[in-house]
Structures are given as structure tokens and as C-alpha cells.
$ cat data_37.txt   # compact mmCIF, C-alpha atoms
# COMPACT_ATOMS: atom_id res chain seq x y z
CA MET K 1 -3.62 12.06 41.84
CA THR K 2 -0.65 10.08 40.62
CA SER K 3 0.53 9.04 37.20
CA ARG K 4 0.04 5.46 36.06
CA THR K 5 3.44 5.11 34.47
CA PRO K 6 6.33 7.55 34.78
CA PRO K 7 7.27 9.22 31.49
CA PRO K 8 10.85 9.66 30.30
CA THR K 9 12.82 12.07 32.44
CA ALA K 10 13.91 14.16 29.46
CA PRO K 11 12.59 14.52 25.91
CA ALA K 12 14.39 12.98 22.98
CA SER K 13 16.62 15.19 20.88
CA GLY K 14 14.36 14.69 17.86
CA LEU K 15 12.17 12.27 15.96
CA GLN K 16 13.42 8.76 15.33
CA PRO K 17 11.89 6.41 12.71
CA PHE K 18 9.20 4.22 14.31
CA ALA K 19 10.60 4.79 17.81
CA GLN K 20 7.47 3.26 19.38
CA GLN K 21 7.48 0.19 17.10
CA PRO K 22 10.71 -1.81 17.50
CA GLY K 23 11.67 -3.75 14.40
CA HIS K 24 9.16 -1.97 12.17
CA TRP K 25 11.79 0.20 10.50
CA GLU K 26 13.81 -2.81 9.33
CA GLN K 27 10.69 -4.42 7.88
CA GLN K 28 9.58 -1.28 6.09
CA GLY K 29 13.11 -0.52 4.87
CA ASN K 30 13.55 -3.94 3.27
CA ARG K 31 10.16 -3.65 1.57
CA ALA K 32 10.94 -0.14 0.30
CA ARG K 33 14.25 -1.27 -1.20
CA ARG K 34 12.51 -4.09 -3.05
CA THR K 35 9.62 -2.02 -4.42
CA GLY K 36 11.19 1.45 -4.61
CA HIS K 37 12.06 3.12 -7.88
CA LEU K 38 15.70 3.02 -8.97
CA CYS K 39 16.95 5.42 -11.60
CA CYS K 40 17.98 3.67 -14.82
CA GLY K 41 19.73 6.61 -16.49
CA ALA K 42 18.63 8.53 -19.57
CA TRP K 43 15.75 6.12 -20.26
CA CYS K 44 14.16 6.75 -16.87
CA THR K 45 10.61 8.06 -17.31
CA GLN K 46 9.94 8.86 -13.66
CA THR K 47 10.99 11.75 -11.47
CA CYS K 48 13.89 10.25 -9.57
CA GLU K 49 13.13 10.83 -5.91
CA PRO K 50 14.62 9.06 -2.88
CA VAL K 51 12.90 5.94 -1.63
CA LEU K 52 10.58 7.09 1.17
CA ILE K 53 8.81 5.42 4.08
CA ARG K 54 5.81 7.28 5.53
CA GLU K 55 5.25 7.00 9.27
CA ARG K 56 1.84 8.10 10.52
CA THR K 57 1.64 9.71 13.95
CA CYS K 58 -1.21 11.02 16.07
CA TRP K 59 -0.36 14.58 15.00
CA GLY K 60 0.52 14.01 11.32
CA PHE K 61 3.02 12.02 9.30
CA VAL K 62 6.77 11.83 8.66
CA ASP K 63 8.45 10.75 5.42
CA TRP K 64 11.82 9.09 6.02
CA THR K 65 14.43 8.43 3.36
CA VAL K 66 15.95 4.96 3.11
CA PRO K 67 19.74 5.36 3.29
CA ALA K 68 22.22 2.77 2.12
CA GLY K 69 23.10 0.08 4.63
CA ASP K 70 21.41 -0.43 7.96
CA ARG K 71 21.85 3.05 9.40
CA LEU K 72 18.90 5.24 10.32
CA PRO K 73 18.14 8.52 8.52
CA GLU K 74 19.22 11.59 10.44
CA CYS K 75 16.61 14.01 9.10
CA PRO K 76 13.10 13.50 7.69
CA HIS K 77 12.48 14.20 4.05
CA ARG K 78 9.03 15.67 4.72
CA ILE K 79 6.90 16.36 7.81
CA GLY K 80 3.13 16.89 7.79
CA VAL K 81 1.23 18.33 10.77
CA LEU K 82 -2.52 17.73 11.04
CA THR K 83 -4.73 20.57 12.19
CA PRO K 84 -5.43 20.54 15.96
CA ALA K 85 -8.81 19.25 17.13
CA ALA K 86 -9.22 17.43 13.82
CA THR K 87 -12.64 16.11 12.86
CA ARG K 88 -13.29 12.54 11.79
CA LEU K 89 -13.23 13.56 8.13
CA GLN K 90 -9.87 15.28 8.58
CA ARG K 91 -8.42 12.21 10.28
CA LEU K 92 -9.64 10.12 7.36
CA ALA K 93 -7.86 12.57 5.07
CA LEU K 94 -4.66 11.97 7.04
CA ARG K 95 -5.08 8.22 6.65
CA TRP K 96 -5.50 8.72 2.92
CA LEU K 97 -2.30 10.75 2.73
CA SER K 98 -0.50 8.12 4.84
CA ARG K 99 -1.32 5.24 2.52
CA ARG K 100 1.40 3.27 0.82
CA PRO K 101 2.67 5.05 -2.33
CA ALA K 102 1.26 3.63 -5.54
CA GLN K 103 3.59 1.65 -7.77
CA ARG K 104 4.02 3.07 -11.25
CA LEU K 105 4.72 1.34 -14.52
CA PRO K 106 7.20 3.13 -16.83
CA LEU K 107 5.73 3.51 -20.30
CA LEU K 108 7.38 5.73 -22.88
CA PRO K 109 6.96 8.70 -22.74
CA VAL K 110 5.03 8.68 -19.42
CA SER K 111 4.51 6.46 -16.42
CA VAL K 112 1.13 5.24 -15.19
CA ARG K 113 -0.14 3.57 -12.08
CA CYS K 114 -0.03 -0.20 -12.13
CA SER K 115 -3.68 -0.25 -11.06
CA ALA K 116 -4.66 1.97 -14.00
CA ALA K 117 -2.75 -0.26 -16.43
CA ALA K 118 -4.42 -3.37 -15.02
CA VAL K 119 -7.88 -1.79 -15.25
CA ALA K 120 -7.15 -0.71 -18.84
CA VAL K 121 -6.36 -4.31 -19.81
CA LEU K 122 -9.46 -5.63 -18.06
CA GLY K 123 -11.55 -2.86 -19.62
CA LEU K 124 -10.33 -3.81 -23.07
CA VAL K 125 -11.38 -7.42 -22.52
CA ALA K 126 -14.72 -6.36 -21.02
CA ALA K 127 -15.41 -3.93 -23.88
CA ALA K 128 -14.65 -6.62 -26.48
CA ALA K 129 -17.00 -9.03 -24.72
CA ALA K 130 -19.73 -6.38 -24.44
CA ILE K 131 -19.46 -5.47 -28.13
CA SER K 132 -19.69 -9.14 -29.10
CA HIS K 133 -22.95 -9.35 -27.13
CA GLY K 134 -24.53 -6.40 -28.93
CA THR K 135 -23.45 -3.39 -26.88
CA PRO K 136 -22.95 -0.34 -29.14
CA ILE K 137 -19.34 0.63 -29.77
CA GLY K 138 -20.16 4.25 -28.89
CA VAL K 139 -20.98 3.12 -25.34
CA ALA K 140 -18.35 0.43 -24.70
CA VAL K 141 -15.28 2.29 -26.00
CA PRO K 142 -15.80 5.55 -24.01
CA LEU K 143 -16.33 3.54 -20.82
CA MET K 144 -13.21 1.51 -21.56
CA LEU K 145 -11.18 4.73 -21.82
CA LEU K 146 -12.84 6.66 -18.98
CA VAL K 147 -12.29 4.20 -16.12
CA PRO K 148 -8.44 4.03 -16.39
CA LEU K 149 -8.30 7.83 -16.64
CA LEU K 150 -10.33 8.16 -13.46
CA ILE K 151 -8.08 5.71 -11.61
CA GLU K 152 -5.01 7.63 -12.78
CA HIS K 153 -6.13 11.18 -11.94
CA VAL K 154 -8.69 10.94 -9.11
CA PRO K 155 -6.10 10.00 -6.40
CA ASP K 156 -4.10 13.14 -7.19
CA ARG K 157 -7.21 15.27 -6.78
CA LEU K 158 -7.98 13.57 -3.47
CA ASP K 159 -4.40 14.15 -2.32
CA ALA K 160 -4.73 17.86 -3.01
CA ARG K 161 -8.07 18.03 -1.17
CA ALA K 162 -6.78 16.08 1.83
CA GLY K 163 -3.61 18.18 1.92
CA GLU K 164 -5.67 21.25 2.80
CA HIS K 165 -5.91 19.95 6.38
CA VAL K 166 -2.21 19.19 6.73
CA ARG K 167 0.71 21.63 6.77
CA THR K 168 3.59 19.91 5.02
CA VAL K 169 7.17 21.08 5.56
CA GLN K 170 9.90 20.00 3.15
CA GLY K 171 13.57 20.91 2.97
CA ASP K 172 16.60 19.90 4.98
CA ALA K 173 16.90 23.00 7.17
CA THR K 174 13.19 23.42 7.92
CA CYS K 175 12.66 19.69 8.51
CA ARG K 176 15.57 19.58 10.96
CA TYR K 177 14.06 22.43 12.95
CA LEU K 178 10.54 21.01 12.93
CA GLN K 179 11.97 17.58 13.78
CA ARG K 180 13.29 18.99 17.05
CA LEU K 181 9.96 20.61 17.88
CA ALA K 182 8.10 17.39 17.08
CA GLY K 183 10.46 15.48 19.38
CA LEU K 184 9.51 17.81 22.23
CA HIS K 185 5.83 17.41 21.39
CA ASN K 186 6.17 13.62 21.37
CA HIS K 187 7.57 13.85 24.87
CA LEU K 188 4.45 15.73 25.95
CA ILE K 189 2.19 13.17 24.27
CA GLN K 190 3.91 10.23 25.97
CA ALA K 191 3.66 11.95 29.31
CA ALA K 192 -0.05 12.72 28.81
CA ALA K 193 -0.79 9.11 27.81
CA GLY K 194 0.61 7.82 31.11
CA SER K 195 -0.61 10.52 33.48
CA ASP K 196 -3.83 11.51 35.22
CA LEU K 197 -2.74 15.09 35.79
CA ASP K 198 -4.75 17.77 34.03
CA GLN K 199 -1.63 19.93 33.71
CA VAL K 200 0.12 17.26 31.66
CA ARG K 201 -2.80 16.75 29.28
CA ARG K 202 -3.17 20.51 28.88
CA ALA K 203 0.55 20.80 28.12
CA ALA K 204 0.15 18.24 25.32
CA GLU K 205 -2.73 20.24 23.84
CA ILE K 206 -0.70 23.44 23.93
CA GLY K 207 2.23 21.63 22.33
CA ARG K 208 0.01 20.46 19.48
CA HIS K 209 -1.04 24.02 18.69
CA GLN K 210 2.55 25.23 18.87
CA LEU K 211 3.65 22.54 16.43
CA TRP K 212 0.83 23.48 14.03
CA ASP K 213 1.72 27.18 14.23
CA ALA K 214 5.43 26.48 13.73
CA ALA K 215 4.69 24.44 10.61
CA GLY K 216 2.63 27.33 9.24
CA LEU K 217 5.44 29.80 9.89
CA LEU K 218 7.96 27.56 8.15
CA ILE K 219 5.69 27.20 5.11
CA HIS K 220 4.05 30.56 4.52
CA HIS K 221 6.69 33.01 5.70
CA ASP K 222 10.33 33.87 5.29
CA THR K 223 12.05 32.11 8.18
CA ARG K 224 14.39 35.07 8.64
CA ALA K 225 11.41 37.36 9.26
CA VAL K 226 9.63 35.03 11.71
CA SER K 227 12.64 33.54 13.48
CA SER K 228 11.72 35.27 16.75
CA GLU K 229 8.25 33.69 16.67
CA LEU K 230 9.76 30.26 15.99
CA ILE K 231 12.17 30.67 18.89
CA ALA K 232 9.30 31.72 21.17
CA ARG K 233 7.36 28.56 20.30
CA GLU K 234 10.37 26.35 20.82
CA ARG K 235 11.05 28.03 24.17
CA LEU K 236 7.46 27.33 25.23
CA LEU K 237 7.76 23.66 24.25
CA VAL K 238 11.02 23.38 26.21
CA GLN K 239 9.37 24.96 29.25
CA LEU K 240 6.41 22.57 29.01
CA ALA K 241 8.76 19.58 28.75
CA ALA K 242 10.72 20.80 31.77
CA LEU K 243 7.48 21.32 33.70
CA ILE K 244 6.35 17.77 32.98
CA THR K 245 9.74 16.45 34.03
CA ASP K 246 9.44 18.31 37.33
CA LEU K 247 5.89 17.06 37.91
CA HIS K 248 6.93 13.43 37.53
CA SER K 249 10.30 13.70 39.29
CA PRO K 250 10.71 12.83 42.98
CA THR K 251 11.59 15.37 45.63
CA ASP K 252 15.31 14.83 45.12
CA PRO K 253 16.19 16.60 41.85
CA GLY K 254 19.21 14.38 41.35
CA SER K 255 17.27 11.14 41.19
CA ALA K 256 14.47 9.61 39.14
CA PRO K 257 12.01 6.74 39.67
CA GLY K 258 13.81 3.49 40.32
CA GLY K 259 16.84 5.18 41.80
CA GLN K 260 18.20 6.20 38.40
CA PRO K 261 19.69 9.67 37.94
CA ALA K 262 17.41 12.17 36.25
CA GLY K 263 18.10 13.00 32.63
CA PRO K 264 19.38 16.37 31.49
CA ALA K 265 16.96 19.25 31.46
CA PRO K 266 15.60 20.12 27.99
CA GLN K 267 17.39 23.00 26.35
CA LEU K 268 16.95 25.16 23.28
CA GLY K 269 18.54 23.85 20.10
CA PRO K 270 20.21 25.68 17.21
CA TYR K 271 18.63 28.79 15.73
CA PRO K 272 15.87 28.46 13.10
CA PRO K 273 16.94 28.39 9.44
CA GLY K 274 17.81 31.82 8.11
CA PHE K 275 18.22 33.35 11.57
CA ARG K 276 20.82 36.11 11.86
CA ARG K 277 21.95 37.35 15.23
CA GLN K 278 22.23 41.05 15.84
CA SER K 279 26.03 40.83 16.00
CA ASP K 280 26.12 39.14 12.57
CA ARG K 281 24.37 41.99 10.80
CA PRO K 282 26.58 44.48 8.99
CA THR K 283 26.71 47.83 10.72
CA ARG K 284 26.98 51.16 8.99
CA THR K 285 29.55 53.57 10.33
CA ARG K 286 28.92 57.25 9.81
CA THR K 287 31.96 59.49 9.57
CA THR K 288 32.19 63.25 9.42
CA PRO K 289 34.89 64.64 7.09
CA ILE K 290 37.43 66.98 8.65
CA LYS K 291 37.14 70.57 7.55
CA GLY K 292 39.35 71.28 4.60
CA THR K 293 39.59 67.66 3.45
CA GLN K 294 37.57 65.62 1.00
CA PRO K 295 36.18 62.15 1.82
CA HIS K 296 37.67 59.17 0.00
CA ALA K 297 35.88 58.20 -3.20

$ encode --input "data_37.txt" --output "C-alpha cells"
Amino acid sequence: MTSRTPPPTAPASGLQPFAQQPGHWEQQGNRARRTGHLCCGAWCTQTCEPVLIRERTCWGFVDWTVPAGDRLPECPHRIGVLTPAATRLQRLALRWLSRRPAQRLPLLPVSVRCSAAAVAVLGLVAAAAAISHGTPIGVAVPLMLLVPLLIEHVPDRLDARAGEHVRTVQGDATCRYLQRLAGLHNHLIQAAAGSDLDQVRRAAEIGRHQLWDAAGLLIHHDTRAVSSELIARERLLVQLAALITDLHSPTDPGSAPGGQPAGPAPQLGPYPPGFRRQSDRPTRTRTTPIKGTQPHA
């Protein structure tokens, strides 16, 4: 059994925005700058957050910030990992979470969705027409008020329900660590997509579970207390990536398909956030006072 297409010789150092879709980042970035919210000072009625672009992957989604200029963001703003072996309903929930963010209309003292404002205007016209044709006011007015409220609040309820199937990690330190693990997992996925080997496909499945478990540790636990478990999962992903590289490499370890030199072997990255090495911990020294003397106060 041979692979259809050789995978990369070494995994990427981390996630990159739309790495599998050339030119898509520039298109999405220009659109986000045109439609994104810009803070207008003291009169701003929205929570000023960075302009984000959501990239949907086969294992979850990644929210990227849009920096100034044409440079790429170095770290994701938010990473969501979908539960392994997801059902069709759970995948639909991921698609719902990966939709384009709704545009909001600033109205003092709150902001509302543009769709809710448009429906409110249309409802007002429809209610006036219905009343003119004999519909009771007690029926037309409540319906006119209920529909915009549903459009404004139902998506938030659906977001919360869909988020139960996705573990979302947010924060610079935790996102940087999970970004590195997701880069290793992407390497496994690319290798499994172009290989007929059962070992490669099994490695991708194991990597998916490790990514899901790592996201749970970063969310629900103190990273300092579970740093050893995070390191163990990263070490396993590195070993799987190295195994796949060996399976698809020729006999000569110094060469790769096409006569090109093989890439560097995957290695462990920096420690998880909050990790403290044993040598960094303060040690207590115990002294015994000499007979006839008093210890210092």
C-alpha cells in the first residue's frame, strides 16, 4: 500500500490564516475592514472588540484578528474545537457558530441587529395595514413587537446551545499553546487525506482526541496544575507527526520525495502557560540553631 500524494515532510509551526485557501485571507480582510465596527469614542454604544474573521476547519473554528496593514496575525483571538466523532446535528451547530457575524445598528442607549431593525420597520407597516383592514389592535400590535424581539434574542440562545458541543479557548497564552497543537493536528489531517495507510488515519483520529482533551484542560482547569498533562498530549502529537514523516520518507533519512532534503523533525515547543519548572520553585532551607545562640528574628 502506497500513499497517493506525499504529505509535507514536517508539520507547520502553527496555524496560519486560510493556509489551504490562497488569496482568501486578503478577500476576507478587506471585507472585514469595510464592515467591521470602529470605535467612535465616548458615544460608542457597542463593546469595542477587534475586527475578527472566523475560519471554519474540519475540527472546529479559528477567529483571527485583522491587524493594520497587510501583515498576517501571529496568534488567533479564539479557537473552538468540535467534539470528536461529531454527529450531523453537532456539525450543523458548528456551521451555525461559523456564520458571518451579524451587523449591528447603534441606537442610543443600546445596539440592535440590522435584521431586527428592518423587521421592526416592516412590522410597523404591516401592522398599520392590518389594522386598516379590520384586524384588532390587540392582535396586530403584540405581533409587531414580538417578531423583532425574537430575531434579536433567538440567535444568542442558539449560540449558547450550539456552543455546548464546542470547547472554545480564548486568551493570548492559551491560544498560542493550542495553536501549536492544532498545527500538529493539521499535519496529521493532511497526511491522512493523501494516504491509504491505516496507521496514518488512526494517527489523525488520535490527534483529534488529543486536541479536544487539551482544549478542555485549558478551559476547565488551572494550567499550572495540569501542565504535565498538556505536555504529555503535545509529546504524543509530536511523536505521531514524526511517525508519519518516517512512514512517508524514503529509505535515505537525509532526502525526501523529489530529491529534496527532508524537513526538520518535529520538536516540542515552549512550556504551557503557567508552567513552573522544578528549579524555578522557591525552596525552603531548614537550619538548626547552634546551642547557646538564638536564631535571627

$ residues_around --input "data_37.txt" --residues "K:Glu26" --least-positions-apart "3" --cutoff "12 Å" --atoms "all atoms listed in the file" --output "ChimeraX atom specification"
/K:17-19,21-23,29-33,53,66-67,69-72

$ atom_distance --input "data_37.txt" --atom1 "atom CA of K:Ala127" --atom2 "atom CA of K:Cys114"
19.7 Å

$ atom_distance --input "data_37.txt" --atom1 "atom CA of K:Leu94" --atom2 "atom CA of K:Leu184"
21.6 Å

$ closest_residue --input "data_37.txt" --among "K:Arg180, K:Arg208, K:Arg91, K:Arg167" --to "K:Ile231" --atoms "only C-alpha atoms"
K:Arg180

$ closest_residue --input "data_37.txt" --among "K:Asn186, K:Ala120, K:Leu230, K:Trp25" --to "K:Leu145" --atoms "all atoms listed in the file"
K:Ala120

$ closest_residue --input "data_37.txt" --among "K:Ser98, K:Thr168, K:Gln27, K:Pro84" --to "K:Glu55" --atoms "all atoms listed in the file"
K:Ser98

$ closest_residue --input "data_37.txt" --among "K:Ala128, K:Val119, K:Val154, K:Ile189" --to "K:Ala203" --atoms "all atoms listed in the file"
K:Ile189

$ closest_residue --input "data_37.txt" --among "K:Arg176, K:His133, K:Arg201, K:His153" --to "K:Pro76" --atoms "all atoms listed in the file"
K:Arg176

$ atom_distance --input "data_37.txt" --atom1 "atom CA of K:Gln179" --atom2 "atom CA of K:Leu15"
5.7 Å

$ closest_residue --input "data_37.txt" --among "K:Val112, K:Ala204, K:Ala126, K:Leu211" --to "K:Val169" --atoms "all atoms listed in the file"
K:Leu211

$ residues_around --input "data_37.txt" --residues "K:Leu217" --least-positions-apart "5" --cutoff "12 Å" --atoms "all atoms listed in the file" --output "PyMOL selection string"
chain K and resi 167-169+174+177-178+210-212+222-231+233+272-273

$ write_last_selection --input "data_37.txt" --atoms "C-alpha atoms" --output "PDB file, keeping the file's coordinate frame"
ATOM      1  CA  ARG K 167       0.710  21.630   6.770  1.00  0.00           C
ATOM      2  CA  THR K 168       3.590  19.910   5.020  1.00  0.00           C
ATOM      3  CA  VAL K 169       7.170  21.080   5.560  1.00  0.00           C
ATOM      4  CA  THR K 174      13.190  23.420   7.920  1.00  0.00           C
ATOM      5  CA  TYR K 177      14.060  22.430  12.950  1.00  0.00           C
ATOM      6  CA  LEU K 178      10.540  21.010  12.930  1.00  0.00           C
ATOM      7  CA  GLN K 210       2.550  25.230  18.870  1.00  0.00           C
ATOM      8  CA  LEU K 211       3.650  22.540  16.430  1.00  0.00           C
ATOM      9  CA  TRP K 212       0.830  23.480  14.030  1.00  0.00           C
ATOM     10  CA  ASP K 222      10.330  33.870   5.290  1.00  0.00           C
ATOM     11  CA  THR K 223      12.050  32.110   8.180  1.00  0.00           C
ATOM     12  CA  ARG K 224      14.390  35.070   8.640  1.00  0.00           C
ATOM     13  CA  ALA K 225      11.410  37.360   9.260  1.00  0.00           C
ATOM     14  CA  VAL K 226       9.630  35.030  11.710  1.00  0.00           C
ATOM     15  CA  SER K 227      12.640  33.540  13.480  1.00  0.00           C
ATOM     16  CA  SER K 228      11.720  35.270  16.750  1.00  0.00           C
ATOM     17  CA  GLU K 229       8.250  33.690  16.670  1.00  0.00           C
ATOM     18  CA  LEU K 230       9.760  30.260  15.990  1.00  0.00           C
ATOM     19  CA  ILE K 231      12.170  30.670  18.890  1.00  0.00           C
ATOM     20  CA  ARG K 233       7.360  28.560  20.300  1.00  0.00           C
ATOM     21  CA  PRO K 272      15.870  28.460  13.100  1.00  0.00           C
ATOM     22  CA  PRO K 273      16.940  28.390   9.440  1.00  0.00           C
TER      23      PRO K 273
END

$ residues_around --input "data_37.txt" --residues "K:Asp159" --least-positions-apart "2" --cutoff "10 Å" --atoms "all atoms listed in the file" --output "list in words"
Ala93, Leu94, Trp96, Leu97, Val154, Pro155, Asp156, Arg157, Arg161, Ala162, Gly163 and Glu164 of chain K
